[in-house]
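Chemist: Input protein.cif, format and content: mmCIF, C-alpha atoms.
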```
data_data
#
loop_
_atom_site.label_atom_id
_atom_site.label_comp_id
_atom_site.auth_asym_id
_atom_site.auth_seq_id
_atom_site.Cartn_x
_atom_site.Cartn_y
_atom_site.Cartn_z
CA MET A 1 211.57 174.38 135.98
CA LYS A 2 212.53 177.91 134.97
CA VAL A 3 211.72 180.74 137.38
CA VAL A 4 211.92 184.33 136.14
CA ILE A 5 211.96 187.17 138.70
CA ILE A 6 211.32 190.76 137.58
CA GLY A 7 213.07 193.10 140.02
CA ASN A 8 216.33 192.71 141.93
CA GLY A 9 215.31 194.47 145.15
CA ILE A 10 215.03 192.82 148.56
CA ALA A 11 211.83 190.90 147.66
CA GLY A 12 213.10 189.52 144.35
CA ILE A 13 216.57 188.57 145.60
CA THR A 14 215.25 186.99 148.80
CA ALA A 15 212.95 184.86 146.64
CA ALA A 16 215.85 183.89 144.38
CA ARG A 17 218.02 182.87 147.35
CA THR A 18 215.15 180.94 148.94
CA ILE A 19 214.50 179.03 145.72
CA ARG A 20 218.19 178.27 145.24
CA LYS A 21 218.59 176.93 148.78
CA LYS A 22 215.76 174.46 148.21
CA SER A 23 216.09 173.52 144.52
CA ASP A 24 218.32 173.35 141.46
CA CYS A 25 215.81 174.93 139.04
CA ASP A 26 216.83 177.66 136.61
CA ILE A 27 216.58 181.18 138.08
CA VAL A 28 216.69 184.37 136.02
CA VAL A 29 216.51 187.83 137.62
CA VAL A 30 215.65 190.74 135.30
CA SER A 31 216.28 194.37 136.31
CA SER A 32 216.93 197.58 134.41
CA GLU A 33 217.93 199.54 137.53
CA THR A 34 221.30 197.97 138.39
CA LYS A 35 223.17 194.80 137.56
CA TYR A 36 223.59 193.74 141.18
CA PHE A 37 221.30 193.84 144.20
CA PHE A 38 222.02 196.74 146.57
CA SER A 39 220.67 198.13 149.83
CA ARG A 40 218.24 200.88 148.83
CA THR A 41 218.17 202.38 152.33
CA ALA A 42 221.92 203.10 152.06
CA LEU A 43 221.69 205.38 149.01
CA MET A 44 221.60 208.50 151.17
CA TYR A 45 224.93 207.58 152.77
CA VAL A 46 226.58 207.26 149.37
CA TYR A 47 225.53 210.83 148.52
CA MET A 48 226.69 212.08 151.92
CA GLY A 49 230.14 210.55 151.40
CA HIS A 50 229.89 207.95 154.17
CA MET A 51 230.29 205.01 151.80
CA LYS A 52 230.78 204.08 148.15
CA PHE A 53 228.00 202.60 146.03
CA GLU A 54 229.77 199.22 145.83
CA HIS A 55 229.64 199.08 149.62
CA THR A 56 225.82 198.92 149.42
CA GLN A 57 225.98 195.55 147.63
CA PRO A 58 225.67 192.69 150.16
CA TYR A 59 227.08 190.05 147.79
CA GLU A 60 230.27 190.03 145.74
CA ALA A 61 230.00 189.72 141.96
CA HIS A 62 230.99 186.04 141.95
CA PHE A 63 228.06 185.16 144.26
CA TRP A 64 225.56 185.05 141.40
CA ASN A 65 227.54 182.68 139.19
CA LYS A 66 228.42 180.50 142.17
CA ASN A 67 224.72 180.13 142.98
CA ASN A 68 223.63 179.74 139.34
CA ILE A 69 221.43 182.83 139.38
CA ASP A 70 221.37 184.41 135.93
CA LEU A 71 221.23 188.23 135.97
CA VAL A 72 219.72 190.02 132.97
CA ARG A 73 220.19 193.82 132.80
CA ASP A 74 217.15 194.80 130.75
CA HIS A 75 213.68 196.32 131.04
CA VAL A 76 210.48 194.30 130.70
CA GLU A 77 208.18 196.13 128.29
CA GLU A 78 205.35 193.60 128.18
CA ILE A 79 204.30 190.26 129.63
CA LEU A 80 202.37 187.84 127.43
CA PHE A 81 200.79 185.79 130.19
CA ASP A 82 199.01 183.44 127.78
CA LYS A 83 202.39 182.49 126.28
CA SER A 84 204.43 182.69 129.54
CA GLU A 85 206.72 185.13 127.78
CA LEU A 86 208.43 188.44 128.57
CA ARG A 87 209.28 191.00 125.90
CA LEU A 88 212.36 193.09 126.70
CA ARG A 89 213.32 196.62 125.70
CA SER A 90 216.43 195.26 123.98
CA GLY A 91 214.20 193.27 121.64
CA GLY A 92 214.89 189.98 123.40
CA GLN A 93 212.40 187.55 124.89
CA LEU A 94 212.30 185.33 127.96
CA THR A 95 209.99 182.41 128.69
CA TYR A 96 209.13 181.10 132.13
CA ASP A 97 207.42 178.28 133.97
CA LYS A 98 206.91 180.36 137.13
CA LEU A 99 207.03 184.16 137.30
CA LEU A 100 207.56 186.48 140.27
CA LEU A 101 206.77 190.19 139.96
CA ALA A 102 208.87 192.19 142.44
CA THR A 103 208.89 195.55 140.68
CA GLY A 104 208.92 197.79 143.76
CA SER A 105 207.63 201.36 143.98
CA LYS A 106 207.80 204.63 142.08
CA PHE A 107 207.62 208.13 143.53
CA ASN A 108 204.28 209.88 143.14
CA LYS A 109 203.52 212.66 140.69
CA PHE A 110 200.16 214.37 140.83
CA GLY A 111 200.07 216.21 137.52
CA TRP A 112 201.66 219.44 138.73
CA PRO A 113 202.61 221.78 135.88
CA GLY A 114 206.38 221.63 135.51
CA GLN A 115 206.80 218.32 137.35
CA ASP A 116 209.00 216.96 134.53
CA LEU A 117 211.31 219.98 134.26
CA PRO A 118 215.08 219.52 134.56
CA GLY A 119 215.96 219.92 138.24
CA VAL A 120 212.79 218.16 139.43
CA GLN A 121 213.20 214.61 140.70
CA GLY A 122 212.31 211.95 143.23
CA MET A 123 214.67 209.95 145.45
CA TYR A 124 214.02 206.22 145.26
CA SER A 125 216.23 204.46 142.70
CA ALA A 126 219.92 204.26 141.88
CA GLN A 127 219.15 206.41 138.85
CA ASP A 128 217.63 209.04 141.16
CA LEU A 129 220.89 209.10 143.11
CA GLU A 130 222.87 209.60 139.90
CA LEU A 131 220.50 212.38 138.85
CA LEU A 132 220.84 214.11 142.22
CA GLU A 133 224.62 214.11 141.81
CA LYS A 134 224.18 215.79 138.39
CA ASN A 135 221.58 218.26 139.66
CA THR A 136 223.63 219.40 142.65
CA HIS A 137 227.26 220.30 143.29
CA PRO A 138 230.05 218.13 144.69
CA MET A 139 230.70 217.92 148.42
CA ASN A 140 232.54 220.97 149.78
CA ALA A 141 232.37 222.80 146.45
CA PRO A 142 233.34 226.49 146.66
CA LEU A 143 230.49 228.99 146.64
CA SER A 144 231.18 229.99 143.04
CA GLU A 145 230.59 226.40 141.87
CA ARG A 146 227.41 225.66 143.81
CA ARG A 147 224.65 225.13 141.27
CA VAL A 148 221.93 224.71 143.88
CA LYS A 149 221.59 227.17 146.72
CA LYS A 150 218.01 226.29 147.68
CA ALA A 151 215.82 223.23 147.25
CA VAL A 152 212.11 222.69 147.84
CA ILE A 153 210.95 219.26 148.98
CA VAL A 154 207.30 218.44 148.34
CA GLY A 155 206.08 216.05 151.03
CA GLY A 156 207.47 215.24 154.43
CA GLY A 157 207.52 211.47 154.83
CA LEU A 158 210.60 209.37 155.50
CA ILE A 159 212.01 209.82 152.00
CA GLY A 160 211.55 213.58 152.30
CA ILE A 161 213.54 213.59 155.54
CA GLU A 162 216.32 211.54 153.96
CA LEU A 163 216.52 213.90 151.00
CA ALA A 164 216.59 216.91 153.33
CA GLU A 165 219.51 215.44 155.30
CA MET A 166 221.33 214.62 152.05
CA LEU A 167 220.98 218.17 150.74
CA ARG A 168 221.94 219.79 154.04
CA SER A 169 225.16 217.72 154.00
CA ARG A 170 226.13 219.84 150.95
CA GLU A 171 225.03 223.10 152.59
CA ILE A 172 221.93 223.49 150.42
CA GLU A 173 219.03 225.40 151.96
CA VAL A 174 215.92 223.24 152.25
CA CYS A 175 212.28 224.26 152.34
CA MET A 176 209.81 221.44 152.97
CA LEU A 177 206.15 221.76 151.92
CA ILE A 178 203.70 219.82 154.11
CA ARG A 179 200.06 219.75 153.04
CA GLU A 180 198.78 218.70 156.48
CA SER A 181 198.56 220.82 159.63
CA ARG A 182 201.32 218.82 161.29
CA TYR A 183 204.40 216.91 160.19
CA TRP A 184 203.65 213.33 158.94
CA GLY A 185 200.20 213.73 160.44
CA ASN A 186 198.79 210.58 158.83
CA VAL A 187 201.30 208.47 160.81
CA LEU A 188 202.54 210.33 163.90
CA PRO A 189 200.40 211.46 166.84
CA LYS A 190 200.56 215.19 167.54
CA GLU A 191 203.13 215.02 170.38
CA GLU A 192 205.65 213.07 168.30
CA SER A 193 204.95 215.24 165.27
CA LYS A 194 205.80 218.37 167.27
CA LEU A 195 209.00 216.76 168.56
CA ILE A 196 210.23 215.95 165.04
CA LEU A 197 209.17 219.35 163.71
CA ARG A 198 211.29 221.06 166.38
CA HIS A 199 214.20 218.80 165.48
CA LEU A 200 213.91 219.64 161.79
CA GLU A 201 213.93 223.35 162.58
CA GLN A 202 217.05 222.84 164.71
CA HIS A 203 218.66 221.43 161.56
CA GLN A 204 217.66 224.56 159.63
CA ILE A 205 214.88 222.95 157.62
CA ASP A 206 212.24 225.53 156.70
CA VAL A 207 209.06 223.50 157.19
CA ARG A 208 205.90 225.06 155.71
CA LEU A 209 202.80 223.39 157.17
CA GLN A 210 199.48 223.53 155.30
CA SER A 211 201.32 224.46 152.14
CA GLU A 212 200.48 222.90 148.78
CA LEU A 213 202.32 222.98 145.51
CA LYS A 214 200.45 224.49 142.58
CA GLU A 215 203.09 224.80 139.87
CA ILE A 216 206.81 224.36 139.23
CA ARG A 217 208.16 227.19 137.09
CA PRO A 218 211.14 227.15 134.72
CA GLY A 219 213.77 229.84 134.20
CA LYS A 220 215.21 231.06 130.91
CA ASP A 221 217.45 227.99 130.68
CA GLY A 222 214.44 225.66 130.97
CA ARG A 223 215.42 224.37 134.41
CA VAL A 224 213.37 224.83 137.54
CA GLU A 225 213.58 228.36 138.91
CA SER A 226 210.75 228.54 141.45
CA VAL A 227 207.62 226.90 142.84
CA LEU A 228 204.22 228.54 143.15
CA LEU A 229 202.01 227.56 146.08
CA LEU A 230 198.22 227.41 146.18
CA ASP A 231 198.19 230.42 148.52
CA GLY A 232 199.96 232.50 145.86
CA ASN A 233 203.40 232.56 147.46
CA GLU A 234 206.39 231.86 145.21
CA ILE A 235 209.66 230.30 146.41
CA GLN A 236 212.84 230.67 144.38
CA CYS A 237 214.81 227.40 144.12
CA GLN A 238 217.10 225.44 141.82
CA LEU A 239 215.96 221.93 142.78
CA VAL A 240 212.58 220.35 143.59
CA GLY A 241 212.35 216.97 145.31
CA LEU A 242 209.07 215.11 144.85
CA THR A 243 208.66 212.96 147.97
CA ALA A 244 204.88 212.91 148.40
CA GLY A 245 204.85 209.17 148.93
CA VAL A 246 205.39 206.20 146.63
CA SER A 247 203.01 203.86 144.84
CA PRO A 248 203.32 200.34 143.41
CA ASN A 249 205.27 200.22 140.16
CA ILE A 250 202.71 198.32 138.09
CA ASP A 251 201.86 200.51 135.08
CA PHE A 252 203.15 197.94 132.59
CA VAL A 253 200.68 195.24 133.79
CA LYS A 254 197.60 197.38 134.50
CA ASN A 255 195.84 196.59 131.23
CA SER A 256 196.66 192.90 131.26
CA ALA A 257 194.94 189.76 132.51
CA LEU A 258 196.53 190.32 135.91
CA ASP A 259 194.16 191.56 138.63
CA THR A 260 195.32 194.93 139.97
CA ASN A 261 193.97 197.74 142.11
CA ARG A 262 196.49 200.14 143.62
CA GLY A 263 198.93 197.24 143.52
CA ILE A 264 199.07 193.71 142.11
CA LEU A 265 196.37 191.80 143.98
CA VAL A 266 197.60 188.68 145.79
CA ASN A 267 196.40 186.28 148.46
CA ARG A 268 198.43 185.48 151.57
CA LYS A 269 200.48 182.96 149.60
CA LEU A 270 201.57 185.81 147.28
CA GLU A 271 199.67 184.18 144.41
CA THR A 272 198.02 186.36 141.78
CA ASN A 273 194.85 185.44 139.87
CA LEU A 274 197.00 183.82 137.15
CA PRO A 275 198.42 180.31 137.67
CA GLY A 276 202.16 180.23 138.17
CA VAL A 277 202.40 184.02 138.61
CA TYR A 278 203.36 185.49 142.00
CA ALA A 279 204.11 188.99 143.29
CA ALA A 280 206.02 190.27 146.33
CA GLY A 281 207.26 193.48 147.94
CA ASP A 282 206.24 197.09 147.38
CA CYS A 283 204.20 196.32 144.24
CA VAL A 284 201.79 194.03 146.12
CA GLU A 285 198.30 194.69 147.47
CA PHE A 286 196.69 192.00 149.62
CA SER A 287 193.11 191.20 148.65
CA ASP A 288 192.54 189.97 152.23
CA PRO A 289 194.94 191.96 154.44
CA ILE A 290 195.97 190.66 157.83
CA THR A 291 194.08 192.24 160.74
CA GLY A 292 195.97 195.25 162.06
CA ARG A 293 198.12 195.63 158.94
CA ASN A 294 197.66 197.57 155.70
CA SER A 295 196.81 196.00 152.36
CA ILE A 296 199.98 197.60 150.90
CA GLU A 297 203.15 197.29 153.01
CA GLN A 298 206.12 199.12 151.51
CA VAL A 299 208.83 198.46 154.06
CA TRP A 300 212.20 196.73 153.68
CA TYR A 301 211.51 193.88 156.09
CA THR A 302 208.04 193.13 154.68
CA GLY A 303 209.61 192.86 151.23
CA ARG A 304 212.12 190.37 152.60
CA MET A 305 209.40 188.30 154.26
CA MET A 306 207.21 188.33 151.16
CA GLY A 307 210.15 187.28 149.00
CA GLU A 308 210.81 184.29 151.23
CA ILE A 309 207.16 183.18 151.23
CA ALA A 310 206.84 183.67 147.46
CA GLY A 311 210.01 181.66 146.88
CA GLN A 312 208.73 178.79 149.00
CA ASN A 313 205.34 178.76 147.29
CA ILE A 314 206.90 178.82 143.83
CA LEU A 315 208.38 175.48 144.91
CA GLY A 316 204.97 174.26 146.10
CA LEU A 317 205.61 174.46 149.86
CA ASN A 318 202.22 176.05 150.64
CA LYS A 319 203.29 178.80 153.05
CA GLU A 320 201.32 181.90 154.12
CA TYR A 321 202.59 185.40 154.78
CA ALA A 322 202.34 185.93 158.55
CA PRO A 323 204.61 188.82 159.59
CA GLY A 324 203.27 189.17 163.15
CA PRO A 325 202.72 192.51 164.92
CA TRP A 326 203.59 195.63 162.96
CA PHE A 327 206.98 197.24 163.47
CA ASN A 328 209.13 199.79 161.69
CA SER A 329 212.15 202.00 162.28
CA ALA A 330 213.64 205.12 160.72
CA LYS A 331 215.86 208.08 161.51
CA PHE A 332 215.06 211.79 161.56
CA PHE A 333 218.52 213.36 161.37
CA ASP A 334 219.86 212.58 164.88
CA ILE A 335 216.69 210.99 166.34
CA GLU A 336 216.10 207.29 165.84
CA TYR A 337 212.46 206.19 165.63
CA GLN A 338 210.94 202.79 166.32
CA THR A 339 207.33 201.68 166.46
CA TYR A 340 205.82 198.35 167.52
CA GLY A 341 202.20 197.31 167.46
CA ARG A 342 199.40 199.76 166.79
CA VAL A 343 200.05 203.47 167.37
CA GLY A 344 197.76 205.51 165.16
CA SER A 345 197.92 209.22 164.47
CA GLU A 346 194.75 209.43 166.59
CA LEU A 347 193.59 207.21 169.46
CA GLY A 348 191.40 204.28 168.47
CA GLU A 349 188.10 203.51 170.17
CA GLY A 350 188.61 202.60 173.84
CA GLU A 351 192.37 203.29 173.70
CA GLN A 352 194.39 205.30 176.21
CA LYS A 353 197.85 206.77 175.86
CA PHE A 354 200.83 207.57 178.02
CA TYR A 355 203.43 209.99 176.66
CA TRP A 356 206.81 210.84 178.15
CA GLU A 357 209.34 213.26 176.72
CA ASP A 358 212.71 214.25 178.14
CA GLN A 359 213.35 217.86 179.06
CA ASN A 360 215.62 218.38 176.03
CA GLY A 361 212.93 217.25 173.59
CA GLN A 362 215.26 214.67 172.00
CA LYS A 363 213.80 211.49 173.46
CA ALA A 364 210.20 210.34 173.85
CA VAL A 365 208.05 207.28 174.47
CA LYS A 366 204.37 206.90 173.61
CA VAL A 367 202.55 203.80 174.95
CA ILE A 368 199.06 202.85 173.77
CA PHE A 369 196.86 200.46 175.75
CA ASP A 370 193.27 199.35 176.01
CA GLY A 371 191.44 201.53 178.50
CA GLU A 372 189.27 198.72 179.86
CA SER A 373 191.62 195.73 179.98
CA SER A 374 194.93 197.68 180.22
CA ILE A 375 196.37 195.37 177.54
CA PHE A 376 199.41 196.87 175.82
CA VAL A 377 198.62 197.78 172.19
CA GLY A 378 201.69 199.56 170.84
CA ILE A 379 204.64 201.88 171.43
CA ASN A 380 206.52 204.70 169.68
CA SER A 381 210.08 205.39 170.74
CA PHE A 382 212.23 208.38 169.77
CA GLY A 383 215.90 208.47 170.68
CA ILE A 384 215.74 205.29 172.77
CA ARG A 385 216.62 202.02 171.06
CA LEU A 386 214.38 199.06 171.83
CA ARG A 387 214.62 195.32 171.18
CA HIS A 388 212.23 194.07 168.53
CA GLN A 389 212.05 190.50 169.83
CA VAL A 390 210.96 191.69 173.28
CA PHE A 391 208.08 193.87 172.08
CA ASP A 392 207.04 191.28 169.51
CA ARG A 393 206.70 188.74 172.33
CA TRP A 394 204.85 191.12 174.67
CA LEU A 395 202.36 192.03 171.94
CA LYS A 396 201.68 188.37 171.13
CA GLN A 397 201.32 187.58 174.84
CA GLU A 398 198.93 190.51 175.30
CA ARG A 399 200.83 191.82 178.31
CA SER A 400 199.43 194.66 180.40
CA VAL A 401 200.77 198.19 180.18
CA ASP A 402 201.96 197.89 183.80
CA PHE A 403 203.96 194.77 182.93
CA VAL A 404 205.54 196.48 179.92
CA LEU A 405 206.68 199.50 181.92
CA GLU A 406 207.84 197.45 184.91
CA ASN A 407 210.00 195.35 182.59
CA PHE A 408 210.96 198.18 180.25
CA ARG A 409 214.68 197.66 180.93
CA LEU A 410 214.45 194.24 179.27
CA ALA A 411 213.60 195.96 176.00
CA LEU A 412 216.39 198.56 176.05
CA PHE A 413 218.95 198.21 173.27
CA ASP A 414 220.91 201.42 173.77
CA PRO A 415 224.70 201.03 173.83
CA GLU A 416 226.50 200.67 177.14
CA PHE A 417 226.88 203.89 179.12
CA TYR A 418 223.80 205.50 177.53
CA LYS A 419 221.50 207.05 180.10
CA ASP A 420 218.72 204.78 181.32
CA HIS A 421 215.45 206.78 181.37
CA THR A 422 213.31 203.92 182.73
CA ARG A 423 212.83 205.34 186.22
CA MET A 424 211.83 208.79 184.94
CA ILE A 425 209.35 207.21 182.50
CA ILE A 426 207.73 205.11 185.20
CA GLU A 427 207.59 207.99 187.70
CA GLU A 428 205.68 210.03 185.13
CA TYR A 429 203.35 207.09 184.41
CA ASN A 430 202.66 206.55 188.13
CA LYS A 431 201.88 210.23 188.58
CA GLU A 432 199.53 210.41 185.59
CA PHE A 433 197.61 207.20 186.28
CA ASN A 434 197.87 207.03 190.09
CA LYS A 435 199.92 203.82 189.98
CA ASN A 436 202.74 202.54 192.17
CA ILE A 437 204.81 200.32 189.92
CA SER A 438 208.61 200.26 189.98
CA PRO A 439 211.19 199.22 187.38
CA LYS A 440 212.50 195.68 187.65
CA ALA A 441 216.18 194.90 187.32
CA PHE A 442 217.53 193.63 184.02
CA SER A 443 217.87 189.84 183.74
CA TRP A 444 219.16 187.96 180.69
CA LYS A 445 217.35 184.85 181.89
CA LYS A 446 214.04 186.66 182.17
CA MET A 447 214.56 188.42 178.86
CA PHE A 448 214.54 185.16 176.93
CA ALA A 449 212.03 183.34 179.14
#
```
What does the file become when written as structure tokens?
Modeler:
Amino acid sequence: MKVVIIGNGIAGITAARTIRKKSDCDIVVVSSETKYFFSRTALMYVYMGHMKFEHTQPYEAHFWNKNNIDLVRDHVEEILFDKSELRLRSGGQLTYDKLLLATGSKFNKFGWPGQDLPGVQGMYSAQDLELLEKNTHPMNAPLSERRVKKAVIVGGGLIGIELAEMLRSREIEVCMLIRESRYWGNVLPKEESKLILRHLEQHQIDVRLQSELKEIRPGKDGRVESVLLLDGNEIQCQLVGLTAGVSPNIDFVKNSALDTNRGILVNRKLETNLPGVYAAGDCVEFSDPITGRNSIEQVWYTGRMMGEIAGQNILGLNKEYAPGPWFNSAKFFDIEYQTYGRVGSELGEGEQKFYWEDQNGQKAVKVIFDGESSIFVGINSFGIRLRHQVFDRWLKQERSVDFVLENFRLALFDPEFYKDHTRMIIEEYNKEFNKNISPKAFSWKKMFA
């Protein structure tokens, strides 16, 4: 059997490794982005000088030959599903017995005038990193050689924050345009949004709330010179970062026999409507999403899980995607963020919240629970590291909010000698809800019970 995988991101490569571990079939991975798989989340650290690009590659070059995984550096222009054939940009062709589409995401453009000008870009791919290096100046360049003094970032999600931190590392002024009335308001509740907004301002990010882009204007040299907002204000800049979200990268299959909506439609086995054709990762949309999770899940770990399930099902092992309770993590400059379970931007029906924030505004915890049963529903943590396996277990066990806070120390993952805020958190909870619980001592035995 010959398996062809389009895309060498975390979903595609996890599928390839899963298939290789369990079979000796032919595996071909096609990608036009890079020759070798790399960690996409590490791109920002390459730009900031913390590591080299080759350090982002988890496997050495000989790994692929050793495991008989054939890498093809090319771009798929068209898939002839009726012939099980791929047509490549180079003019070549590939046939397959089983096909996995793991084509990832692309950054959004919304038809703004000037969105394709030189100096306007997204920040998702290795090519975007290369373009950013060309568009900006080298690290520690003298003032006379700095091509970009000010940048405007359109959108304030996680990619926007990463791009802002990257640009600030080269002393570039950053203005961030946020359409909503609060930062990342479709994800973060208002307290957490305010905390991150203050933190961004401390890092000299000029955040403009309720500001929308109307037009990107060129200068005499044809490169971006300014942006015009809907309210009529104009901001001079030499770089525009488009970070208003990403969407499934599926344009090349939209008018084919493959069923698509926003993404490639799959069932929980990652099967498409076509026999022998699977899809995994950011390009996927579940036709029957799991309760409590979105139909499109564009996160590193979900891509890894989907890749594993797709790989197993390509081999006929009949597995279903079952990722468990939602979790995610990110970093906003100096503040680490983790979320487990269900914490919406607004309270759900019957839900109650408890919010604690330290006096310096650098650490916070938001706990959501059912108001009637007191069952723990979810948690946001800022600046305090938590153990995923502990919260995953508590959510599955439907523990009470009192139990979670009493045993909060079991979930702490901060390095040794970090300050333990458990007692302050519980004292605030007791005061707000007229409770009398106390923190229990840490126990390795109880942690893994």
Chemist: Given all atoms listed in the file as the basis, pick out the residue of A:Leu188, A:Arg304, A:Ala279, A:Phe332 nearest to A:Ile205.
Modeler: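 Closest to A:Ile205, using all atoms listed in the file: A:Phe332.
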Chemist: Taking 4 positions as the minimum chain separation for residues in the same chain, which residues sit within 9 Å of A:Lys109 when counting all atoms listed in the file? Answer as a PDB file with C-alpha atoms, keeping the file's coordinate frame.
Modeler:
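Ended up saving to result_12.pdb:
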```
ATOM      1  CA  GLN A 115     206.800 218.320 137.350  1.00  0.00           C
ATOM      2  CA  LEU A 242     209.070 215.110 144.850  1.00  0.00           C
ATOM      3  CA  THR A 243     208.660 212.960 147.970  1.00  0.00           C
ATOM      4  CA  ALA A 244     204.880 212.910 148.400  1.00  0.00           C
ATOM      5  CA  VAL A 246     205.390 206.200 146.630  1.00  0.00           C
TER       6      VAL A 246
END
```
Chemist: Report, in Å with one decimal, the straight-line distance from atom CA of A:Arg293 to atom CA of A:Ala322.
Modeler: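 So the two atoms, atom CA of A:Arg293 and atom CA of A:Ala322, lie 10.6 Å apart.
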Chemist: Evaluate the PyMOL selection byres ((chain A and resi 136-141) around 10) against this structure - the residues, as a list in words, please.
Modeler: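 So the PyMOL selection byres ((chain A and resi 136-141) around 10) ends up selecting Tyr47, Met48, Gly49, Gly119, Leu131, Leu132, Glu133, Lys134, Asn135, Pro142, Leu143, Ser144, Glu145, Arg146, Arg147, Val148, Lys149, Ala151, Leu167, Ser169, Arg170, Glu171, Ile172, Gln238 and Leu239 of chain A.
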Chemist: With the file shown as input, list the residues that the PyMOL selection byres ((chain A and resi 21) around 12) selects, as a list in words.
Modeler: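 When the PyMOL selection byres ((chain A and resi 21) around 12) is applied, the selected residues are Thr14, Ala15, Ala16, Arg17, Thr18, Ile19, Arg20, Lys22, Ser23, Asp24, Cys25, Ile27, Asn67, Asn68, Ile69, Glu308, Gly311, Gln312 and Leu315 of chain A.
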Chemist: Quick one: of A:Glu85, A:Tyr36, A:Ala364, A:Ser211, who's nearest to A:Pro58, counting only C-alpha atoms?
Modeler: A:Tyr36
Chemist: To verify the selection step, state as a list in words which residues the PyMOL selection byres ((chain A and resi 240) around 10) yields on this input.
Modeler: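 So the PyMOL selection byres ((chain A and resi 240) around 10) ends up selecting Gln115, Leu117, Pro118, Gly119, Val120, Gln121, Gly122, Lys150, Ala151, Val152, Ile153, Val154, Val174, Cys175, Met176, Ile216, Val224, Glu225, Ser226, Val227, Cys237, Gln238, Leu239, Gly241, Leu242 and Thr243 of chain A.
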Chemist: Any idea what's packed within 8 Å of A:Leu209, counting all atoms listed in the file, ignoring anything in its chain fewer than 3 positions away? Could you give it as a PyMOL selection string?
Modeler: chain A and resi 177-183
Chemist: A:His75, A:Lys353, A:Lys214, A:Lys220: which is nearest A:Gly232, counting all atoms listed in the file?
Modeler: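 Of A:His75, A:Lys353, A:Lys214, A:Lys220, the one nearest A:Gly232 is A:Lys214, counting all atoms listed in the file.
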Chemist: Tell me which protein, DNA and RNA residues are within 10 Å of A:Phe53, counting only C-alpha atoms, leaving out same-chain ones fewer than 6 positions away, and put them as a ChimeraX atom specification.
Modeler: /A:38-39,42-43,45-47,126
Chemist: For stretch 95-102 of chain A, find every residue with an atom within 10 Å (counting only C-alpha atoms), except residues of its own chain fewer than 4 positions away, and show them as a compact mmCIF listing (two decimals) with C-alpha atoms, keeping the file's coordinate frame.
Modeler:
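Wrote out06.txt, looks like this:
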```
# COMPACT_ATOMS: atom_id res chain seq x y z
CA MET A 1 211.57 174.38 135.98
CA LYS A 2 212.53 177.91 134.97
CA VAL A 3 211.72 180.74 137.38
CA VAL A 4 211.92 184.33 136.14
CA ILE A 5 211.96 187.17 138.70
CA ILE A 6 211.32 190.76 137.58
CA GLY A 7 213.07 193.10 140.02
CA ASN A 8 216.33 192.71 141.93
CA GLY A 9 215.31 194.47 145.15
CA ILE A 10 215.03 192.82 148.56
CA ALA A 11 211.83 190.90 147.66
CA GLY A 12 213.10 189.52 144.35
CA ILE A 13 216.57 188.57 145.60
CA ALA A 15 212.95 184.86 146.64
CA ALA A 16 215.85 183.89 144.38
CA ASP A 26 216.83 177.66 136.61
CA ILE A 27 216.58 181.18 138.08
CA VAL A 28 216.69 184.37 136.02
CA VAL A 29 216.51 187.83 137.62
CA VAL A 30 215.65 190.74 135.30
CA SER A 31 216.28 194.37 136.31
CA ILE A 79 204.30 190.26 129.63
CA LEU A 80 202.37 187.84 127.43
CA PHE A 81 200.79 185.79 130.19
CA LYS A 83 202.39 182.49 126.28
CA SER A 84 204.43 182.69 129.54
CA GLU A 85 206.72 185.13 127.78
CA LEU A 86 208.43 188.44 128.57
CA ARG A 87 209.28 191.00 125.90
CA PRO A 248 203.32 200.34 143.41
CA ASN A 249 205.27 200.22 140.16
CA ILE A 250 202.71 198.32 138.09
CA ILE A 264 199.07 193.71 142.11
CA LEU A 270 201.57 185.81 147.28
CA GLU A 271 199.67 184.18 144.41
CA THR A 272 198.02 186.36 141.78
CA PRO A 275 198.42 180.31 137.67
CA GLY A 276 202.16 180.23 138.17
CA VAL A 277 202.40 184.02 138.61
CA TYR A 278 203.36 185.49 142.00
CA ALA A 279 204.11 188.99 143.29
CA ALA A 280 206.02 190.27 146.33
CA GLY A 281 207.26 193.48 147.94
CA ASP A 282 206.24 197.09 147.38
CA CYS A 283 204.20 196.32 144.24
CA VAL A 284 201.79 194.03 146.12
CA GLY A 303 209.61 192.86 151.23
CA MET A 306 207.21 188.33 151.16
CA GLY A 307 210.15 187.28 149.00
CA ALA A 310 206.84 183.67 147.46
CA GLY A 311 210.01 181.66 146.88
CA ILE A 314 206.90 178.82 143.83
CA LEU A 315 208.38 175.48 144.91
```
Chemist: Do you have the atom CA of A:Glu346-atom CA of A:Val377 distance handy?
Modeler: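 A separation of 13.5 Å between them.
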Chemist: Could you please determine the separation between atom CA of A:Ile196 and atom CA of A:Asn407 in Å, to one decimal place?
Modeler: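 Result for atom CA of A:Ile196 versus atom CA of A:Asn407: 27.1 Å, one decimal.
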Chemist: Rank nothing, just name the residue among A:Leu347, A:Leu386, A:Ile426, A:Ala164 nearest to A:Ala411, using all atoms listed in the file.
Modeler: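 The answer is A:Leu386, which sits nearest to A:Ala411.
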Chemist: Which one is closest to A:Gln210: A:Gly361, A:Gly263, A:Pro289, A:Gly156? Count all atoms listed in the file.
Modeler: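 With all atoms listed in the file as the atom set, the closest residue is A:Gly156.
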Chemist: For A:Phe333, which residue out of A:Gln204, A:Ser374, A:Ser345, A:Ser400 is the nearest one, using all atoms listed in the file?
Modeler: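 That would be A:Gln204, the residue with the smallest distance to A:Phe333.
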